[in-house]
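**Student:** Let me begin by handing over the structure; questions about it come next.
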Amino acid sequence: MNKLLPKLAVALICLAPAVPTCAQQASPIDAIPAYQPQPIPAGVIRSWGHVFLKKVMLSWEAGFQKYHPDVTFSDNLVSSAAATGALFTNTADLGILGREIRPMEVAGYNRVMKQKPFPLEVMTGSYANADKSVALGIFVAKDNPLIRITFAQLDAIFGAEHLRGEKSNIRTWGQLGLTGPWADRTINVYTGELDAAPAFYFSQQVMRGSMLWNEHLQHFDDINRPDGTVYEAQQHIVDALSQDPAGIAVSGAGCRNPGVKLIPVAINDDGPFIGATPETVEARTYPFARSVWIYTNQGSGHPLDPRTREFLRFIFSREGQELVRQEGEYLPLTPELAAAQLKKLEQ
């Protein structure tokens with residue numbers, strides 16, 4: 001019986017609510033400083049941009065108005081494509097993008113404003129929702145022996161310029177180190193439409209801006225079914241891959257099919273190799289976690305309106321990021337990212 005006493009003592013200690021080792025781990029949001037309101041004049045904050053941010057924006061606005069009831073909001077959240085134009089025509093104070101900004105958008109803005117739009121990361125994209133800046137996953141067939149992959153390898157597989165340093169295009173599994181019957185097998189590549197946000201993001205992050213894709217790339221778009229539902233491209237990609245043992249795909253990290261598996265990814269050859277999970281996406285350790293962006297006209301000769309600055313301060317606060325978590329699909333910023341964005345407001 002004496003041998004049981006240490007285990008019993010541990011169990012009793014863990015029942016005691018005052019012992020911190022048995023308490024729930026603190027959320028990273030707790031490390032973000034709480035909002036400290038500063039006085040601002042009454043007025044309107046105007047927003048144009050991404051349609052799927054309506055729920056979060058309404059939560060932010062309601063939370064902000066508890067401290068600043070004299071500030072009102074005018075939202076036109078119809079499309080990310082409207083964001084930069086609304087900024088340079090002085091129709092918006094905030095331009096909200098649910099994807100990465102395109103070079104032509106930057107060029108158009110710069111031509112009018114003589115500067116680039118001022119970028120701020122306001123939250124992390126979704127792990128699984130294709131409409132909400134979804135993290136990307138690298139998939140292979142379930143029985144494929146490949147266990148990990150680097151950005152340089154992905155660049156040479158999906159692209160044709162291999163700007164990350166591979167000596168040539170990678171077109172067979174043997175070039176990735178697979179042996180036996182896999183060695184001479186052609187790699188079949190799958191992705192979404194090349195003008196869609198995920199493929200553009202992949203080309204910028206992995207292919208270093210190259211738009212010269214693999215000559216045999218298979219790409220998929222959303223399909224409208226007769227019953228009114230949509231067969232989303234990202235799910236279609238992994239479903240097609242499940243029928244192709246020699247395939248590799250870029251798709252939304254949260255897509256699932258029992259015939260495929262996600263593989264860990266590293267930016268550099270020496271790692272670390274990180275798998276895609278909701279936790280690694282939120283922690284921003286997974287290389288393909290994405291951001292949601294708010295742009296402003298802040299810059300030389302364009303001071304930021306005090307109401308807009310204060311609202312952004314609220315967004316980067318503990319309260320603002322907790323509202324992101326409550327939305328349920330978007331993910332909050334890390335404390336480090338929130339602090340960095342807050343510092344940019346002071347520039």
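Note on naming: chains are A, B, ... as they come in the structure tokens, residues start from 1 per chain, ligands start from 1 in the order shown.
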For A:Ile138, find every residue with an atom within 6 Å (counting only C-alpha atoms), except residues of its own chain fewer than 6 positions away, and show them as a tab-separated table (two decimals) with all heavy atoms, in the first residue's frame.

**Tutor:**
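Produced file selection.tsv, reproduced below:
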```tsv
chain	number	residue	atom	x	y	z
A	249	ALA	N	-0.25	17.60	-54.21
A	249	ALA	CA	-1.21	18.68	-54.36
A	249	ALA	C	-0.97	19.78	-53.35
A	249	ALA	O	-0.52	19.54	-52.23
A	249	ALA	CB	-2.64	18.15	-54.21
A	250	VAL	N	-1.31	21.00	-53.77
A	250	VAL	CA	-1.45	22.14	-52.87
A	250	VAL	C	-2.94	22.41	-52.72
A	250	VAL	O	-3.65	22.61	-53.72
A	250	VAL	CB	-0.76	23.40	-53.43
A	250	VAL	CG1	-1.03	24.59	-52.52
A	250	VAL	CG2	0.72	23.18	-53.58
A	262	LEU	N	-1.29	14.73	-45.29
A	262	LEU	CA	-0.50	15.96	-45.25
A	262	LEU	C	0.94	15.61	-44.90
A	262	LEU	O	1.18	14.70	-44.10
A	262	LEU	CB	-1.05	16.90	-44.18
A	262	LEU	CG	-2.29	17.72	-44.51
A	262	LEU	CD1	-2.87	18.28	-43.22
A	262	LEU	CD2	-1.95	18.86	-45.47
A	263	ILE	N	1.89	16.34	-45.49
A	263	ILE	CA	3.28	16.11	-45.12
A	263	ILE	C	3.89	17.39	-44.56
A	263	ILE	O	3.55	18.49	-44.98
A	263	ILE	CB	4.12	15.56	-46.29
A	263	ILE	CG1	4.04	16.48	-47.51
A	263	ILE	CG2	3.69	14.16	-46.64
A	263	ILE	CD1	4.98	16.04	-48.62
```

**Student:** Which residues are near stretch 234-244 of chain A? Cut-off 12 Å, only C-alpha atoms, ignore same chain within fewer than 6 positions. Put them as an NGL selection string.

**Tutor:** :A and (128-131 or 134-144 or 185-193 or 196-199 or 217-223 or 250-262)

**Student:** Taking 4 positions as the minimum chain separation for residues in the same chain, which residues sit within 10 Å of A:Phe64 when counting only C-alpha atoms? Answer as number ranges by chain.

**Tutor:** A: 35, 37, 58-60, 68-69, 71-72, 310-315, 319-320

**Student:** Of the candidates A:Phe151, A:Tyr127, A:Phe88, A:Tyr330, which one gets nearest to A:Ala107 if we count only C-alpha atoms?

**Tutor:**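 Using only C-alpha atoms, the shortest distance to A:Ala107 belongs to A:Phe88.
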
**Student:** Atom CA of A:Lys54 and atom CA of A:Ser74 are how many Å apart?

**Tutor:**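 Separation between atom CA of A:Lys54 and atom CA of A:Ser74: 11.7 Å.
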
**Student:** Which value, in Å to one decimal, gives the distance between atom CA of A:Ser168 and atom CA of A:Asp195?

**Tutor:**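 Separation between atom CA of A:Ser168 and atom CA of A:Asp195: 25.2 Å.
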
**Student:** Using DSSP on the backbone coordinates, identify the residues of stretch 199-300 of chain A assigned to strand (DSSP E or B); present them as a ChimeraX atom specification.

**Tutor:** /A:213,218-220,223-224,230-231,247-252,260-262,265-266,274,291-296,299

**Student:** Would you mind listing what lies within 9 Å of A:Val281 as a list in words, with only C-alpha atoms counted and same-chain residues fewer than 6 positions away left out?

**Tutor:**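 Result of the neighbour search: Thr124, Gly125, Ser126, Tyr127, Ala135, Pro287, Phe288, Ala289, Arg290 and Leu331 of chain A.
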
**Student:** Those same residues, written as a compact mmCIF listing (two decimals), in the first residue's frame with N, CA, C and O atoms?

**Tutor:**
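Wrote result.txt, looks like this:
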```
# COMPACT_ATOMS: atom_id res chain seq x y z
N THR A 124 -4.85 35.96 -38.15
CA THR A 124 -4.37 34.82 -38.94
C THR A 124 -5.55 34.19 -39.65
O THR A 124 -6.66 34.14 -39.13
N GLY A 125 -5.28 33.71 -40.85
CA GLY A 125 -6.34 33.08 -41.62
C GLY A 125 -6.81 31.77 -41.02
O GLY A 125 -6.25 31.26 -40.05
N SER A 126 -7.81 31.21 -41.63
CA SER A 126 -8.43 29.98 -41.15
C SER A 126 -7.53 28.77 -41.39
O SER A 126 -6.69 28.76 -42.28
N TYR A 127 -7.78 27.74 -40.60
CA TYR A 127 -7.13 26.45 -40.86
C TYR A 127 -7.90 25.66 -41.91
O TYR A 127 -7.30 24.89 -42.67
N ALA A 135 -5.03 28.40 -44.60
CA ALA A 135 -3.66 27.90 -44.67
C ALA A 135 -3.58 26.83 -45.75
O ALA A 135 -4.53 26.07 -45.97
N PRO A 287 4.71 27.02 -42.07
CA PRO A 287 5.13 27.99 -43.09
C PRO A 287 4.01 28.52 -43.98
O PRO A 287 4.16 29.60 -44.57
N PHE A 288 2.90 27.79 -44.10
CA PHE A 288 1.84 28.23 -45.00
C PHE A 288 0.63 28.81 -44.26
O PHE A 288 -0.48 28.83 -44.79
N ALA A 289 0.83 29.27 -43.03
CA ALA A 289 -0.21 30.05 -42.36
C ALA A 289 -0.28 31.42 -43.03
O ALA A 289 0.74 32.03 -43.35
N ARG A 290 -1.50 31.91 -43.23
CA ARG A 290 -1.68 33.18 -43.95
C ARG A 290 -2.29 34.24 -43.03
O ARG A 290 -2.78 33.93 -41.94
N LEU A 331 -8.21 32.96 -36.92
CA LEU A 331 -7.39 32.71 -35.74
C LEU A 331 -6.71 34.01 -35.29
O LEU A 331 -6.37 34.85 -36.12
```

**Student:** Fewer than 2 positions away in the same chain doesn't count, so skip those; otherwise give me all residues within 9 Å of A:Leu342, counting only C-alpha atoms, as an NGL selection string.

**Tutor:** :A and (120 or 312-313 or 316-317 or 337-340 or 344-346)

**Student:** Just want the 7 Å neighbourhood of A:Thr308, counted on only C-alpha atoms, with same-chain residues fewer than 4 positions away dropped. Output as a list in words.

**Tutor:**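 My reading of the contact set: Ile45, Asp93, Leu304 and Leu312 of chain A.
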
**Student:** Would you write out those residues with N, CA and C atoms, as a JSON list (two decimals), in the first residue's frame?

**Tutor:**
```json
[["chain", "number", "residue", "atom", "x", "y", "z"],
["A", 45, "ILE", "N", -15.88, 55.85, -39.13],
["A", 45, "ILE", "CA", -14.79, 55.07, -39.71],
["A", 45, "ILE", "C", -15.36, 54.26, -40.86],
["A", 93, "ASP", "N", -11.40, 54.55, -45.02],
["A", 93, "ASP", "CA", -10.29, 54.72, -44.08],
["A", 93, "ASP", "C", -9.53, 53.42, -43.91],
["A", 304, "LEU", "N", -2.40, 59.27, -40.25],
["A", 304, "LEU", "CA", -3.55, 58.41, -40.00],
["A", 304, "LEU", "C", -4.56, 59.14, -39.12],
["A", 312, "LEU", "N", -7.68, 50.61, -34.73],
["A", 312, "LEU", "CA", -6.66, 49.60, -34.99],
["A", 312, "LEU", "C", -5.95, 49.19, -33.70]]
```

**Student:** Considering only C-alpha atoms, state which residue in the set A:Phe118, A:Trp173, A:Phe73, A:Tyr201 is at the smallest distance from A:Thr296.

**Tutor:**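 Residue with the minimum atom-to-atom distance to A:Thr296: A:Phe118.
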
**Student:** Using only C-alpha atoms, which of A:Trp182, A:Phe158, A:Phe200, A:Phe52 sits nearest A:Val78?

**Tutor:**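 That would be A:Phe52, the residue with the smallest distance to A:Val78.
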